[in-house]
$ cat start-v9.tsv   # TSV, C-alpha atoms
chain	number	residue	atom	x	y	z
A	235	MET	CA	0.00	0.00	0.00
A	236	LYS	CA	1.32	3.42	-0.98
A	237	LYS	CA	2.27	5.55	1.99
A	238	LEU	CA	0.51	8.87	2.41
A	239	ARG	CA	2.85	11.85	2.50
A	240	VAL	CA	1.74	13.88	5.52
A	241	GLY	CA	3.07	17.39	5.83
A	242	VAL	CA	3.28	18.46	9.47
A	243	ILE	CA	3.37	22.26	9.72
A	244	TYR	CA	4.59	23.49	13.10
A	245	GLY	CA	6.34	26.33	14.92
A	246	GLY	CA	4.74	29.57	13.83
A	247	ARG	CA	4.90	33.28	14.66
A	248	SER	CA	2.72	33.21	17.77
A	249	GLY	CA	3.60	33.14	21.46
A	250	GLU	CA	2.80	29.42	21.37
A	251	HIS	CA	5.74	28.56	19.10
A	252	GLU	CA	7.40	26.26	21.63
A	253	VAL	CA	4.15	24.49	22.47
A	254	SER	CA	3.60	23.86	18.75
A	255	ILE	CA	7.03	22.25	18.42
A	256	ALA	CA	6.33	20.00	21.42
A	257	SER	CA	2.97	19.01	19.90
A	258	ALA	CA	4.60	18.25	16.55
A	259	ALA	CA	7.19	16.04	18.26
A	260	SER	CA	4.42	13.88	19.65
A	261	ILE	CA	2.68	13.65	16.27
A	262	PHE	CA	5.88	12.62	14.49
A	263	ARG	CA	6.45	10.00	17.17
A	264	HIS	CA	2.97	8.48	16.81
A	265	LEU	CA	2.42	8.56	13.04
A	266	ASP	CA	2.62	4.96	11.84
A	267	PRO	CA	5.73	4.77	9.58
A	268	ALA	CA	4.18	1.81	7.74
A	269	ARG	CA	1.29	4.03	6.60
A	270	TYR	CA	2.72	7.54	6.44
A	271	GLU	CA	5.77	9.42	5.28
A	272	ALA	CA	5.96	12.45	7.56
A	273	VAL	CA	7.36	15.66	6.05
A	274	PRO	CA	8.40	18.41	8.51
A	275	ILE	CA	7.51	21.98	7.48
A	276	ARG	CA	8.65	24.44	10.09
A	277	ILE	CA	7.64	28.08	10.41
A	278	GLU	CA	10.20	30.16	12.27
A	279	LYS	CA	9.29	32.92	14.70
A	280	THR	CA	10.22	35.38	11.96
A	281	GLY	CA	7.49	33.91	9.75
A	282	GLN	CA	9.93	32.18	7.37
A	283	TRP	CA	8.83	28.76	6.12
A	284	THR	CA	11.66	26.23	6.13
A	285	LEU	CA	12.26	22.73	4.81
A	286	GLY	CA	14.99	20.34	5.85
A	287	ALA	CA	14.34	20.41	9.58
A	288	LYS	CA	14.71	17.14	11.42
A	289	PRO	CA	11.46	16.12	13.13
A	290	PRO	CA	11.51	17.68	16.60
A	291	GLU	CA	12.28	15.36	19.48
A	292	ALA	CA	11.47	17.54	22.49
A	293	ILE	CA	8.45	16.23	24.37
A	294	SER	CA	7.67	19.34	26.41
A	295	ALA	CA	7.49	23.08	25.89
A	296	ALA	CA	10.08	23.53	28.64
A	297	ALA	CA	12.52	21.30	26.73
A	298	VAL	CA	11.91	23.20	23.49
A	299	ILE	CA	12.78	26.52	25.13
A	300	THR	CA	16.29	25.25	25.95
A	301	GLN	CA	16.74	23.16	22.80
A	302	ALA	CA	19.61	24.19	20.51
A	303	ARG	CA	18.97	24.44	16.76
A	304	THR	CA	21.48	22.69	14.48
A	305	ASP	CA	19.38	22.14	11.33
A	306	ALA	CA	20.54	23.31	7.93
A	307	LEU	CA	17.27	24.75	6.70
A	308	GLN	CA	16.04	25.76	3.26
A	309	VAL	CA	13.92	28.93	3.37
A	310	VAL	CA	10.98	28.71	0.96
A	311	GLU	CA	7.79	30.55	0.13
A	312	PRO	CA	4.70	29.01	1.80
A	313	SER	CA	3.17	27.96	-1.51
A	314	ALA	CA	6.48	26.39	-2.58
A	315	ALA	CA	6.69	24.41	0.65
A	316	ILE	CA	3.31	22.86	-0.12
A	317	ALA	CA	3.84	22.34	-3.86
A	318	ALA	CA	7.42	21.07	-3.77
A	319	THR	CA	6.83	18.27	-1.29
A	320	GLY	CA	4.12	16.34	-3.13
A	321	LEU	CA	1.90	16.05	-0.09
A	322	ASP	CA	-1.30	14.03	0.14
A	323	VAL	CA	-2.57	15.74	3.29
A	324	ILE	CA	-1.38	18.37	5.75
A	325	PHE	CA	-1.55	18.26	9.53
A	326	PRO	CA	-1.29	21.85	10.84
A	327	VAL	CA	0.04	21.84	14.39
A	328	LEU	CA	0.13	25.61	14.77
A	329	HIS	CA	-1.25	27.01	18.00
A	330	GLY	CA	-2.39	30.61	18.20
A	331	PRO	CA	-2.41	33.44	15.62
A	332	TYR	CA	-1.01	32.90	12.11
A	333	GLY	CA	-1.85	29.22	12.15
A	334	GLU	CA	-4.86	28.30	14.25
A	335	ASP	CA	-6.86	31.36	13.20
A	336	GLY	CA	-7.76	30.50	9.59
A	337	THR	CA	-4.74	32.11	7.91
A	338	VAL	CA	-2.93	28.87	7.09
A	339	GLN	CA	-6.24	27.13	6.46
A	340	GLY	CA	-7.01	29.75	3.79
A	341	LEU	CA	-3.68	29.04	2.10
A	342	LEU	CA	-4.41	25.31	2.10
A	343	GLU	CA	-7.86	25.93	0.64
A	344	LEU	CA	-6.27	27.91	-2.20
A	345	ALA	CA	-3.79	25.09	-2.73
A	346	ASN	CA	-6.74	22.64	-2.76
A	347	ILE	CA	-5.00	20.17	-0.49
A	348	PRO	CA	-6.66	18.16	2.31
A	349	TYR	CA	-5.82	19.26	5.84
A	350	VAL	CA	-6.64	18.17	9.36
A	351	GLY	CA	-8.97	20.26	11.50
A	352	ALA	CA	-11.42	23.10	11.13
A	353	GLY	CA	-11.77	25.21	8.00
A	354	VAL	CA	-11.23	28.94	7.62
A	355	LEU	CA	-14.40	30.05	9.41
A	356	GLY	CA	-14.23	27.54	12.26
A	357	SER	CA	-10.56	28.30	12.82
A	358	ALA	CA	-11.08	32.07	12.86
A	359	VAL	CA	-14.04	31.86	15.24
A	360	GLY	CA	-12.24	29.36	17.44
A	361	MET	CA	-9.33	31.78	17.80
A	362	ASP	CA	-11.37	34.88	18.69
A	363	LYS	CA	-12.79	34.44	22.20
A	364	ALA	CA	-15.10	37.44	21.82
A	365	VAL	CA	-16.76	36.26	18.59
A	366	MET	CA	-16.83	32.71	19.94
A	367	LYS	CA	-18.84	33.80	22.98
A	368	THR	CA	-21.28	35.64	20.74
A	369	LEU	CA	-21.93	32.42	18.83
A	370	PHE	CA	-22.22	30.40	22.04
A	371	ALA	CA	-24.84	32.83	23.31
A	372	ALA	CA	-26.72	32.68	19.99
A	373	HIS	CA	-26.88	28.89	20.35
A	374	GLY	CA	-28.13	29.10	23.91
A	375	LEU	CA	-24.96	27.71	25.50
A	376	PRO	CA	-24.16	28.75	29.09
A	377	ILE	CA	-21.31	31.28	29.27
A	378	VAL	CA	-19.96	33.56	32.01
A	379	ARG	CA	-20.70	37.28	32.12
A	380	HIS	CA	-18.01	39.19	30.25
A	381	LEU	CA	-16.99	42.42	28.55
A	382	VAL	CA	-15.06	42.88	25.30
A	383	VAL	CA	-12.66	45.84	25.30
A	384	LEU	CA	-10.60	47.36	22.46
A	385	ARG	CA	-7.29	49.05	23.17
A	386	ARG	CA	-8.64	52.48	22.23
A	387	GLN	CA	-11.53	52.05	24.69
A	388	TRP	CA	-9.26	51.54	27.67
A	389	SER	CA	-8.69	54.73	29.61
A	390	GLY	CA	-7.02	53.36	32.72
A	391	ALA	CA	-8.10	51.82	35.99
A	392	THR	CA	-10.21	54.87	36.88
A	393	GLY	CA	-11.97	55.20	33.51
A	394	PRO	CA	-15.44	54.15	32.34
A	395	THR	CA	-14.37	50.63	31.31
A	396	ALA	CA	-13.06	49.92	34.79
A	397	ALA	CA	-16.32	51.24	36.22
A	398	SER	CA	-18.24	48.84	33.94
A	399	VAL	CA	-16.15	45.93	35.18
A	400	ALA	CA	-16.98	46.75	38.80
A	401	ARG	CA	-20.66	47.36	38.06
A	402	GLU	CA	-21.42	44.54	35.60
A	403	LEU	CA	-18.97	41.80	36.55
A	404	GLY	CA	-17.62	42.41	40.03
A	405	TYR	CA	-14.33	41.04	41.29
A	406	PRO	CA	-12.43	38.81	40.83
A	407	VAL	CA	-12.23	38.78	37.03
A	408	PHE	CA	-10.01	37.11	34.44
A	409	VAL	CA	-8.44	39.27	31.75
A	410	LYS	CA	-7.48	37.59	28.47
A	411	PRO	CA	-6.21	38.51	25.01
A	412	ALA	CA	-9.08	37.71	22.63
A	413	ASN	CA	-6.83	35.93	20.11
A	414	LEU	CA	-4.33	33.68	21.85
A	415	GLY	CA	-4.22	30.31	23.54
A	416	SER	CA	-2.19	28.26	26.03
A	417	SER	CA	-3.23	30.80	28.69
A	418	VAL	CA	-0.61	33.26	27.41
A	419	GLY	CA	-1.25	36.82	28.60
A	420	ILE	CA	-4.04	35.80	31.00
A	421	SER	CA	-4.16	37.04	34.56
A	422	LYS	CA	-6.60	37.23	37.45
A	423	ALA	CA	-7.56	40.62	38.86
A	424	LYS	CA	-8.84	40.22	42.42
A	425	SER	CA	-9.60	43.91	42.87
A	426	GLU	CA	-9.64	47.23	41.05
A	427	ALA	CA	-5.99	47.66	42.04
A	428	ASP	CA	-5.04	44.61	39.95
A	429	LEU	CA	-7.11	45.48	36.89
A	430	GLY	CA	-4.79	47.99	35.21
A	431	GLY	CA	-1.78	45.66	35.18
A	432	ALA	CA	-3.87	42.72	33.99
A	433	VAL	CA	-5.36	44.75	31.14
A	434	GLU	CA	-1.99	46.15	30.05
A	435	LEU	CA	-0.51	42.63	29.99
A	436	ALA	CA	-3.35	41.33	27.81
A	437	PHE	CA	-2.99	44.29	25.43
A	438	GLU	CA	0.65	43.31	24.86
A	439	TYR	CA	-0.67	40.30	22.94
A	440	ASP	CA	-3.82	41.60	21.25
A	441	ARG	CA	-5.68	44.84	20.49
A	442	LYS	CA	-8.89	43.24	21.77
A	443	ILE	CA	-9.32	41.65	25.19
A	444	VAL	CA	-12.03	39.80	27.08
A	445	ILE	CA	-12.73	40.44	30.77
A	446	GLU	CA	-14.72	37.65	32.41
A	447	ALA	CA	-16.43	37.26	35.76
A	448	ALA	CA	-14.73	34.51	37.75
A	449	VAL	CA	-16.75	31.38	38.46
A	450	PRO	CA	-16.64	30.79	42.23
A	451	GLU	CA	-14.44	27.85	43.22
A	452	ALA	CA	-14.26	26.80	39.58
A	453	ARG	CA	-13.26	23.31	38.52
A	454	GLU	CA	-11.59	23.14	35.11
A	455	ILE	CA	-13.22	20.44	33.00
A	456	GLU	CA	-12.25	19.55	29.43
A	457	CYS	CA	-13.71	17.30	26.75
A	458	SER	CA	-12.32	16.18	23.38
A	459	VAL	CA	-14.43	16.17	20.22
A	460	LEU	CA	-13.68	14.16	17.06
A	461	GLY	CA	-15.54	14.12	13.75
A	462	ASN	CA	-16.97	16.21	10.95
A	463	ASP	CA	-20.74	16.30	10.55
A	464	ASP	CA	-21.34	13.60	13.17
A	465	PRO	CA	-18.90	14.47	15.96
A	466	GLN	CA	-18.33	12.37	19.06
A	467	ALA	CA	-17.21	13.42	22.54
A	468	SER	CA	-14.61	11.67	24.69
A	469	VAL	CA	-14.82	11.04	28.39
A	470	PRO	CA	-14.24	14.39	30.15
A	471	GLY	CA	-11.12	15.16	32.12
A	472	GLU	CA	-10.34	17.57	34.94
A	473	ILE	CA	-7.29	19.78	35.41
A	474	VAL	CA	-6.07	20.37	38.95
A	475	PRO	CA	-3.61	23.26	38.48
A	476	SER	CA	-0.54	23.69	40.64
A	477	ARG	CA	-1.15	27.44	40.68
A	478	GLU	CA	-4.21	29.56	41.37
A	479	PHE	CA	-5.43	28.96	37.82
A	480	TYR	CA	-4.21	27.00	34.82
A	481	ASP	CA	-1.83	29.56	33.30
A	482	TYR	CA	1.07	28.93	30.89
A	483	GLU	CA	3.51	28.05	33.66
A	484	ALA	CA	1.08	25.64	35.27
A	485	LYS	CA	0.43	23.97	31.90
A	486	TYR	CA	3.93	23.59	30.52
A	487	LEU	CA	6.67	24.54	32.96
A	488	ASP	CA	5.44	23.43	36.39
A	489	GLU	CA	5.15	19.65	36.47
A	490	THR	CA	3.02	19.52	39.62
A	491	SER	CA	-0.29	20.27	37.86
A	492	ARG	CA	-2.44	17.14	37.64
A	493	SER	CA	-5.02	15.80	35.23
A	494	ILE	CA	-7.76	13.39	36.27
A	495	ILE	CA	-9.24	11.27	33.47
A	496	PRO	CA	-12.09	10.48	33.58
A	497	ALA	CA	-13.13	13.56	35.54
A	498	PRO	CA	-14.86	12.76	38.85
A	499	LEU	CA	-18.34	13.76	37.71
A	500	GLY	CA	-21.74	12.19	38.15
A	501	ARG	CA	-23.33	10.41	35.21
A	502	ALA	CA	-25.68	13.31	34.49
A	503	GLN	CA	-22.86	15.87	34.66
A	504	THR	CA	-20.68	13.75	32.35
A	505	GLY	CA	-23.49	13.51	29.82
A	506	GLU	CA	-24.14	17.25	29.99
A	507	VAL	CA	-20.46	18.08	29.44
A	508	GLN	CA	-20.37	15.78	26.42
A	509	ARG	CA	-23.59	17.27	25.04
A	510	LEU	CA	-22.34	20.82	25.46
A	511	ALA	CA	-18.95	19.92	23.94
A	512	ILE	CA	-20.59	18.72	20.74
A	513	ALA	CA	-22.95	21.72	20.71
A	514	ALA	CA	-20.01	24.14	21.09
A	515	PHE	CA	-18.09	22.31	18.34
A	516	ARG	CA	-21.04	22.70	16.00
A	517	ALA	CA	-21.64	26.34	17.01
A	518	VAL	CA	-18.20	27.34	15.71
A	519	GLU	CA	-18.43	25.05	12.66
A	520	GLY	CA	-15.69	22.78	13.92
A	521	ALA	CA	-14.29	19.92	11.86
A	522	GLY	CA	-11.92	17.08	12.61
A	523	MET	CA	-10.91	17.89	16.14
A	524	ALA	CA	-11.37	20.29	19.02
A	525	ARG	CA	-10.95	20.44	22.76
A	526	VAL	CA	-13.78	22.16	24.58
A	527	ASP	CA	-13.01	23.73	27.97
A	528	PHE	CA	-15.55	24.23	30.74
A	529	LEU	CA	-15.79	25.90	34.14
A	530	LEU	CA	-17.84	24.08	36.74
A	531	ALA	CA	-18.95	25.93	39.89
A	532	ARG	CA	-17.99	23.64	42.75
A	533	GLN	CA	-20.93	24.42	45.04
A	534	SER	CA	-23.82	24.89	42.61
A	535	GLY	CA	-22.67	22.43	39.96
A	536	GLU	CA	-23.42	25.00	37.24
A	537	ILE	CA	-21.50	24.33	34.01
A	538	PHE	CA	-20.20	27.10	31.73
A	539	VAL	CA	-18.68	26.66	28.26
A	540	ASN	CA	-15.38	28.52	28.32
A	541	GLU	CA	-13.84	28.06	24.87
A	542	VAL	CA	-13.16	25.76	21.93
A	543	ASN	CA	-9.60	25.01	20.82
A	544	THR	CA	-9.60	23.95	17.16
A	545	ILE	CA	-5.95	22.81	17.18
A	546	PRO	CA	-5.56	21.34	20.66
A	547	GLY	CA	-2.18	20.44	22.05
A	548	PHE	CA	-0.60	17.07	21.34
A	549	THR	CA	2.27	17.37	23.82
A	550	ALA	CA	3.10	14.64	26.32
A	551	ILE	CA	0.79	16.30	28.87
A	552	SER	CA	-1.96	17.49	26.51
A	553	MET	CA	-5.49	16.57	27.42
A	554	TYR	CA	-6.90	16.06	23.91
A	555	PRO	CA	-5.07	12.81	23.09
A	556	LYS	CA	-5.12	11.66	26.72
A	557	MET	CA	-8.92	11.91	26.93
A	558	TRP	CA	-9.30	9.94	23.71
A	559	GLU	CA	-6.87	7.32	24.94
A	560	ALA	CA	-9.01	6.97	28.08
A	561	SER	CA	-12.00	6.60	25.75
A	562	GLY	CA	-10.36	3.65	23.97
A	563	LEU	CA	-8.65	5.48	21.08
A	564	PRO	CA	-4.83	5.57	21.51
A	565	CYS	CA	-2.80	8.30	19.81
A	566	PRO	CA	-1.73	6.38	16.65
A	567	ALA	CA	-5.36	5.40	15.95
A	568	LEU	CA	-6.47	8.94	16.74
A	569	LEU	CA	-4.06	10.33	14.15
A	570	ASP	CA	-5.33	7.76	11.63
A	571	ARG	CA	-8.88	8.94	12.25
A	572	LEU	CA	-7.98	12.65	11.96
A	573	ILE	CA	-6.22	12.10	8.64
A	574	ALA	CA	-9.18	10.05	7.36
A	575	LEU	CA	-11.57	12.85	8.38
A	576	ALA	CA	-9.43	15.40	6.52
A	577	LEU	CA	-9.50	13.30	3.34
A	578	GLU	CA	-13.24	12.64	3.73
A	579	ARG	CA	-14.03	16.35	4.05
A	580	HIS	CA	-11.79	17.27	1.13
A	581	THR	CA	-13.38	14.62	-1.12
A	582	GLU	CA	-16.83	15.91	-0.27
A	583	LYS	CA	-15.82	19.49	-1.12
A	584	GLN	CA	-14.44	18.40	-4.50
A	585	GLN	CA	-17.97	17.37	-5.49
A	586	LEU	CA	-19.21	20.95	-5.27
A	587	ARG	CA	-19.77	22.94	-8.44
A	588	THR	CA	-17.34	25.79	-9.02
A	589	SER	CA	-18.96	27.08	-12.20
A	590	ILE	CA	-22.51	27.63	-13.47
A	591	THR	CA	-21.54	26.49	-16.98
$ encode --input "start-v9.tsv" --output "structure tokens"
Amino acid sequence: MKKLRVGVIYGGRSGEHEVSIASAASIFRHLDPARYEAVPIRIEKTGQWTLGAKPPEAISAAAVITQARTDALQVVEPSAAIAATGLDVIFPVLHGPYGEDGTVQGLLELANIPYVGAGVLGSAVGMDKAVMKTLFAAHGLPIVRHLVVLRRQWSGATGPTAASVARELGYPVFVKPANLGSSVGISKAKSEADLGGAVELAFEYDRKIVIEAAVPEAREIECSVLGNDDPQASVPGEIVPSREFYDYEAKYLDETSRSIIPAPLGRAQTGEVQRLAIAAFRAVEGAGMARVDFLLARQSGEIFVNEVNTIPGFTAISMYPKMWEASGLPCPALLDRLIALALERHTEKQQLRTSIT
């Protein structure tokens, strides 16, 4: 049987560059060499696309940060990287802006090549937390109270936006860049005195931020989704962060955070999380894969949909593959299924008419 040539695009220009490399390392390690020929396509932090990189071996973001580069790389144009390698399908493993936000997906659509994961619209919506929440609300999904603030609207901790936070949300609040993942740039403001610094940090990463009311004694629940038009949900998992909340350090640098899979939930709660995960996936027009994150109020049991990640992590500690493994689908079989879904979706799209004549 002819091997499929799978282009794995990783790295990228975003603040999640190191996480992307760690995810790609896991994918290279689990792609069945009897079925696939993996082709590394690396995007440097400068935005240059390069060929000739050895598949990354680091298994954690912390290891990537200290990893020395010794590759002799060929710098190419993005379109040339795709055309010159004779690929059958592409697996984008780009977290954050310029990769998870529909930009690379648009390029792959123009190149008419199958690719894993959501399309242009689903990727763009999945990246923008503000637009995502608007769609969740339109679909009747439970979300926390929040405000969306543009840089030009912010007039300091004593201005009208700060007054709206106190009046409409109350403290504590979480302040997040609208377009970023891996908890980069997120901080918790426990009082008005903390708000200015939290907002300024978030604005370092994006011109638009989201300020959310904190869920009291929140448990962090996650659920993996797999499929195209008929998606399925994994068993949920729970994150027990080593820090006050699950920030970048707690996720990737501090090894004392714990994951519990399956999450200790009642049968009804488990079913509701799975139902909401599929509903959120469909609300953003997801395809292939996504991890849906929830906040669960410890005392009331109320469940809130937090966000959808259309290119979830595949690192050694990432919840997406771990939850599917706990559901009976180990990582090599999961990658097989994701590639099959990409080819299935592409084949279906080729049947559409592109001309009226």
$ atom_distance --input "start-v9.tsv" --atom1 "atom CA of A:Thr284" --atom2 "atom CA of A:Gly249"
18.6 Å
$ atom_distance --input "start-v9.tsv" --atom1 "atom CA of A:Ser476" --atom2 "atom CA of A:Ala427"
24.6 Å
$ closest_residue --input "start-v9.tsv" --among "A:Pro555, A:Pro465, A:Gly241, A:Gly404" --to "A:Gly320" --atoms "only C-alpha atoms"
A:Gly241
$ atom_distance --input "start-v9.tsv" --atom1 "atom CA of A:Ala318" --atom2 "atom CA of A:Gly246"
19.7 Å
$ residues_around --input "start-v9.tsv" --residues "A:Met366" --least-positions-apart "2" --cutoff "12 Å" --atoms "all atoms listed in the file" --output "number ranges by chain"
A: 355-364, 368-373, 375, 377, 382, 412-413, 444, 514-520, 526, 539-544
$ closest_residue --input "start-v9.tsv" --among "A:Thr395, A:Glu291, A:Val433, A:Val418" --to "A:Ser248" --atoms "only C-alpha atoms"
A:Val418
$ residues_around --input "start-v9.tsv" --residues "A:Val507" --least-positions-apart "3" --cutoff "12 Å" --atoms "only C-alpha atoms" --output "ChimeraX atom specification"
/A:375-376,454-459,467-472,497,499-504,510-514,525-530,535-540
$ closest_residue --input "start-v9.tsv" --among "A:Ile545, A:Leu403, A:Leu460, A:Ala396" --to "A:Gly430" --atoms "only C-alpha atoms"
A:Ala396
$ closest_residue --input "start-v9.tsv" --among "A:Pro394, A:Glu402, A:Gly245, A:Val240" --to "A:Ile316" --atoms "all atoms listed in the file"
A:Val240
$ closest_residue --input "start-v9.tsv" --among "A:Pro411, A:Gly330, A:Pro274, A:Pro564" --to "A:Ala315" --atoms "all atoms listed in the file"
A:Pro274
$ residues_near_point --input "start-v9.tsv" --point "(-7.0, 38.5, 29.3)" --cutoff "6 Å" --atoms "only C-alpha atoms" --output "PDB file with C-alpha atoms, in the frame of the given file"
ATOM      1  CA  VAL A 409      -8.440  39.270  31.750  1.00  0.00           C
ATOM      2  CA  LYS A 410      -7.480  37.590  28.470  1.00  0.00           C
ATOM      3  CA  PRO A 411      -6.210  38.510  25.010  1.00  0.00           C
ATOM      4  CA  ILE A 420      -4.040  35.800  31.000  1.00  0.00           C
ATOM      5  CA  ALA A 436      -3.350  41.330  27.810  1.00  0.00           C
ATOM      6  CA  ILE A 443      -9.320  41.650  25.190  1.00  0.00           C
ATOM      7  CA  VAL A 444     -12.030  39.800  27.080  1.00  0.00           C
TER       8      VAL A 444
END
$ closest_residue --input "start-v9.tsv" --among "A:Arg269, A:Ser257, A:Gly390, A:Pro450" --to "A:Ser534" --atoms "all atoms listed in the file"
A:Pro450
$ residues_around --input "start-v9.tsv" --residues "A:Ala447" --least-positions-apart "6" --cutoff "9 Å" --atoms "all atoms listed in the file" --output "list in words"
Val378, Arg379, His380, Leu381, Val399, Glu402, Leu403, Gly404, Tyr405, Pro406, Val407 and Phe408 of chain A
